[in-house]
>>> print(open('input-v7.cif').read())   # mmCIF, C-alpha atoms
data_entry
#
loop_
_atom_site.group_PDB
_atom_site.id
_atom_site.type_symbol
_atom_site.label_atom_id
_atom_site.label_comp_id
_atom_site.auth_asym_id
_atom_site.auth_seq_id
_atom_site.Cartn_x
_atom_site.Cartn_y
_atom_site.Cartn_z
ATOM 1 C CA MET F 1 -1.144 -17.546 22.607
ATOM 2 C CA SER F 2 1.628 -17.015 20.091
ATOM 3 C CA ILE F 3 2.129 -14.413 17.397
ATOM 4 C CA SER F 4 3.727 -14.999 14.041
ATOM 5 C CA LEU F 5 6.912 -13.205 13.116
ATOM 6 C CA ASP F 6 5.185 -11.485 10.185
ATOM 7 C CA ALA F 7 2.452 -10.099 12.441
ATOM 8 C CA LEU F 8 4.998 -8.922 15.005
ATOM 9 C CA LEU F 9 7.054 -7.160 12.344
ATOM 10 C CA ALA F 10 3.936 -5.510 10.917
ATOM 11 C CA ILE F 11 2.908 -4.261 14.357
ATOM 12 C CA LEU F 12 6.393 -2.910 15.035
ATOM 13 C CA ALA F 13 6.522 -1.186 11.643
ATOM 14 C CA MET F 14 3.133 0.459 12.210
ATOM 15 C CA ALA F 15 4.216 1.575 15.682
ATOM 16 C CA ALA F 16 7.388 3.072 14.224
ATOM 17 C CA ALA F 17 5.424 4.901 11.513
ATOM 18 C CA THR F 18 2.993 6.275 14.077
ATOM 19 C CA MET F 19 5.782 7.463 16.366
ATOM 20 C CA ALA F 20 7.640 9.027 13.438
ATOM 21 C CA CYS F 21 4.532 11.029 12.523
ATOM 22 C CA ARG F 22 4.059 12.198 16.095
ATOM 23 C CA LEU F 23 7.708 13.123 16.537
ATOM 24 C CA ALA F 24 7.790 14.951 13.212
ATOM 25 C CA GLY F 25 5.016 17.189 14.497
ATOM 26 C CA LEU F 26 7.134 18.054 17.511
ATOM 27 C CA VAL F 27 10.480 18.406 15.756
ATOM 28 C CA LEU F 28 9.589 20.221 12.542
ATOM 29 C CA PRO F 29 9.003 23.983 12.763
ATOM 30 C CA THR F 30 5.357 25.066 12.825
ATOM 31 C CA PRO F 31 5.580 27.352 9.751
ATOM 32 C CA LEU F 32 6.957 24.433 7.754
ATOM 33 C CA ILE F 33 4.187 22.041 8.798
ATOM 34 C CA GLY F 34 1.350 24.547 8.573
ATOM 35 C CA THR F 35 1.494 25.289 4.844
ATOM 36 C CA GLY F 36 1.898 23.675 1.461
ATOM 37 C CA ARG F 37 2.563 20.082 0.574
ATOM 38 C CA LEU F 38 3.843 19.079 3.980
ATOM 39 C CA ALA F 39 0.608 20.224 5.633
ATOM 40 C CA ARG F 40 -1.426 18.179 3.163
ATOM 41 C CA ALA F 41 0.839 15.189 3.744
ATOM 42 C CA PHE F 42 0.377 15.406 7.514
ATOM 43 C CA ASP F 43 -3.381 15.688 7.039
ATOM 44 C CA ALA F 44 -3.418 12.553 4.864
ATOM 45 C CA MET F 45 -1.184 10.404 7.097
ATOM 46 C CA PRO F 46 -3.836 9.060 9.501
ATOM 47 C CA VAL F 47 -5.980 7.867 6.605
ATOM 48 C CA ALA F 48 -2.973 6.349 4.859
ATOM 49 C CA ILE F 49 -1.822 4.477 7.956
ATOM 50 C CA LEU F 50 -5.320 3.173 8.718
ATOM 51 C CA SER F 51 -5.750 2.104 5.108
ATOM 52 C CA ALA F 52 -2.451 0.234 5.192
ATOM 53 C CA ILE F 53 -3.537 -1.576 8.337
ATOM 54 C CA LEU F 54 -7.090 -2.402 7.294
ATOM 55 C CA ALA F 55 -6.805 -3.144 3.565
ATOM 56 C CA PRO F 56 -5.095 -6.540 3.973
ATOM 57 C CA LEU F 57 -7.648 -7.567 6.600
ATOM 58 C CA LEU F 58 -10.624 -6.516 4.515
ATOM 59 C CA LEU F 59 -9.380 -8.203 1.375
ATOM 60 C CA THR F 60 -8.306 -11.517 2.901
ATOM 61 C CA ARG F 61 -11.086 -12.353 5.358
ATOM 62 C CA GLY F 62 -13.877 -12.976 2.871
ATOM 63 C CA PRO F 63 -16.517 -11.248 0.790
ATOM 64 C CA ALA F 64 -18.521 -9.963 3.770
ATOM 65 C CA ASP F 65 -15.634 -7.915 5.110
ATOM 66 C CA ALA F 66 -14.645 -6.686 1.648
ATOM 67 C CA LEU F 67 -18.193 -5.489 0.972
ATOM 68 C CA ALA F 68 -18.412 -3.824 4.388
ATOM 69 C CA GLY F 69 -15.135 -2.043 3.640
ATOM 70 C CA ALA F 70 -16.522 -0.797 0.333
ATOM 71 C CA VAL F 71 -19.628 0.531 2.095
ATOM 72 C CA VAL F 72 -17.438 2.350 4.628
ATOM 73 C CA ILE F 73 -15.327 3.914 1.884
ATOM 74 C CA LEU F 74 -18.453 5.198 0.141
ATOM 75 C CA ALA F 75 -19.919 6.515 3.394
ATOM 76 C CA ALA F 76 -16.658 8.215 4.394
ATOM 77 C CA ALA F 77 -16.769 10.355 1.274
ATOM 78 C CA ARG F 78 -19.882 12.196 2.478
ATOM 79 C CA LEU F 79 -20.681 11.560 6.144
ATOM 80 C CA PRO F 80 -19.149 12.508 9.499
ATOM 81 C CA MET F 81 -16.899 9.968 11.230
ATOM 82 C CA ILE F 82 -19.422 8.787 13.846
ATOM 83 C CA ALA F 83 -21.949 7.995 11.128
ATOM 84 C CA VAL F 84 -19.292 6.149 9.118
ATOM 85 C CA ILE F 85 -18.419 4.027 12.147
ATOM 86 C CA ALA F 86 -22.076 3.162 12.777
ATOM 87 C CA ILE F 87 -22.636 2.316 9.113
ATOM 88 C CA GLY F 88 -19.470 0.206 9.046
ATOM 89 C CA VAL F 89 -20.513 -1.822 12.080
ATOM 90 C CA GLY F 90 -23.993 -2.308 10.657
ATOM 91 C CA ALA F 91 -22.686 -3.257 7.219
ATOM 92 C CA ALA F 92 -20.215 -5.749 8.688
ATOM 93 C CA ALA F 93 -22.962 -7.383 10.763
ATOM 94 C CA ALA F 94 -25.401 -7.486 7.855
ATOM 95 C CA PHE F 95 -22.947 -8.879 5.321
ATOM 96 C CA ARG F 96 -21.649 -11.486 7.784
ATOM 97 C CA ALA F 97 -25.218 -12.592 8.409
ATOM 98 C CA LEU F 98 -25.829 -12.886 4.649
ATOM 99 C CA PHE F 99 -22.620 -14.754 3.908
#
>>> encode(input="input-v7.cif", output="structure tokens")
Amino acid sequence: MSISLDALLAILAMAAATMACRLAGLVLPTPLIGTGRLARAFDAMPVAILSAILAPLLLTRGPADALAGAVVILAAARLPMIAVIAIGVGAAAAFRALF
């Protein structure tokens, strides 16, 4: 099994971003992280990183995956994470069966 250079670079970049986020939590002082814009930025980082990873996959693999992604986005606005995961798996299976 071989991996393309683009995929390898993407994986390494995502690993570096993840490690930078984790290290920033250890290095930056707690009062700085706990309030204001920086706190909101740290709260939004997991969603931003996951979106950056998943968006290209959802938009390039076909209409079934794109529709399942849209269902997950709508569900995530209102439901707890475990329900969103279950709905996402169900939507992906249903849309793949239809398409």
>>> closest_residue(input="input-v7.cif", among="F:Ile3, F:Thr18, F:Gly88, F:Leu26", to="Ile53 in chain F", atoms="all atoms listed in the file")
F:Thr18
>>> axis_aligned_box(input="input-v7.cif", around="range 2-17 of chain F", padding_each_side="8 Å", output="lines of an AutoDock Vina configuration file")
center_x = 4.5
center_y = -6.1
center_z = 15.1
size_x = 21.8
size_y = 37.9
size_z = 25.9
>>> atom_distance(input="input-v7.cif", atom1="CA of Pro56 in chain F", atom2="CA of Ala41 in chain F")
22.5 Å
>>> atom_distance(input="input-v7.cif", atom1="CA of Met14 in chain F", atom2="CA of Leu38 in chain F")
20.4 Å
>>> residues_around(input="input-v7.cif", residues="range 67-69 of chain F", least_positions_apart="6", cutoff="8 Å", atoms="all atoms listed in the file", output="list in words")
Leu58, Gly88, Ala91, Ala92 and Phe95 of chain F
>>> resolve_selection(input="input-v7.cif", expression="the PyMOL selection byres ((chain F and resi 21-23) around 12)", output="compact mmCIF listing (two decimals) with C-alpha atoms, in the coordinates of the input")
# COMPACT_ATOMS: atom_id res chain seq x y z
CA MET F 14 3.13 0.46 12.21
CA ALA F 15 4.22 1.58 15.68
CA ALA F 16 7.39 3.07 14.22
CA ALA F 17 5.42 4.90 11.51
CA THR F 18 2.99 6.28 14.08
CA MET F 19 5.78 7.46 16.37
CA ALA F 20 7.64 9.03 13.44
CA ALA F 24 7.79 14.95 13.21
CA GLY F 25 5.02 17.19 14.50
CA LEU F 26 7.13 18.05 17.51
CA VAL F 27 10.48 18.41 15.76
CA LEU F 28 9.59 20.22 12.54
CA PRO F 29 9.00 23.98 12.76
CA ILE F 33 4.19 22.04 8.80
CA LEU F 38 3.84 19.08 3.98
CA ALA F 41 0.84 15.19 3.74
CA PHE F 42 0.38 15.41 7.51
CA ASP F 43 -3.38 15.69 7.04
CA ALA F 44 -3.42 12.55 4.86
CA MET F 45 -1.18 10.40 7.10
CA PRO F 46 -3.84 9.06 9.50
CA ALA F 48 -2.97 6.35 4.86
CA ILE F 49 -1.82 4.48 7.96
>>> residues_around(input="input-v7.cif", residues="Leu98 in chain F", least_positions_apart="4", cutoff="9 Å", atoms="all atoms listed in the file", output="list of chain:residue names")
F:Ala64, F:Ala93, F:Ala94
>>> write_last_selection(input="input-v7.cif", atoms="C-alpha atoms", output="tab-separated table (two decimals), in the frame of the given file")
chain	number	residue	atom	x	y	z
F	64	ALA	CA	-18.52	-9.96	3.77
F	93	ALA	CA	-22.96	-7.38	10.76
F	94	ALA	CA	-25.40	-7.49	7.86
>>> resolve_selection(input="input-v7.cif", expression="the PyMOL selection byres ((chain F and resi 84) around 12)", output="list in words")
Ala68, Gly69, Ala70, Val71, Val72, Ile73, Leu74, Ala75, Ala76, Ala77, Arg78, Leu79, Pro80, Met81, Ile82, Ala83, Ile85, Ala86, Ile87, Gly88, Val89, Gly90, Ala91 and Ala92 of chain F
>>> write_last_selection(input="input-v7.cif", atoms="C-alpha atoms", output="compact mmCIF listing (two decimals), in the coordinates of the input")
# COMPACT_ATOMS: atom_id res chain seq x y z
CA ALA F 68 -18.41 -3.82 4.39
CA GLY F 69 -15.14 -2.04 3.64
CA ALA F 70 -16.52 -0.80 0.33
CA VAL F 71 -19.63 0.53 2.10
CA VAL F 72 -17.44 2.35 4.63
CA ILE F 73 -15.33 3.91 1.88
CA LEU F 74 -18.45 5.20 0.14
CA ALA F 75 -19.92 6.52 3.39
CA ALA F 76 -16.66 8.22 4.39
CA ALA F 77 -16.77 10.36 1.27
CA ARG F 78 -19.88 12.20 2.48
CA LEU F 79 -20.68 11.56 6.14
CA PRO F 80 -19.15 12.51 9.50
CA MET F 81 -16.90 9.97 11.23
CA ILE F 82 -19.42 8.79 13.85
CA ALA F 83 -21.95 8.00 11.13
CA ILE F 85 -18.42 4.03 12.15
CA ALA F 86 -22.08 3.16 12.78
CA ILE F 87 -22.64 2.32 9.11
CA GLY F 88 -19.47 0.21 9.05
CA VAL F 89 -20.51 -1.82 12.08
CA GLY F 90 -23.99 -2.31 10.66
CA ALA F 91 -22.69 -3.26 7.22
CA ALA F 92 -20.22 -5.75 8.69
>>> atom_distance(input="input-v7.cif", atom1="CA of Phe99 in chain F", atom2="CA of Pro63 in chain F")
7.7 Å
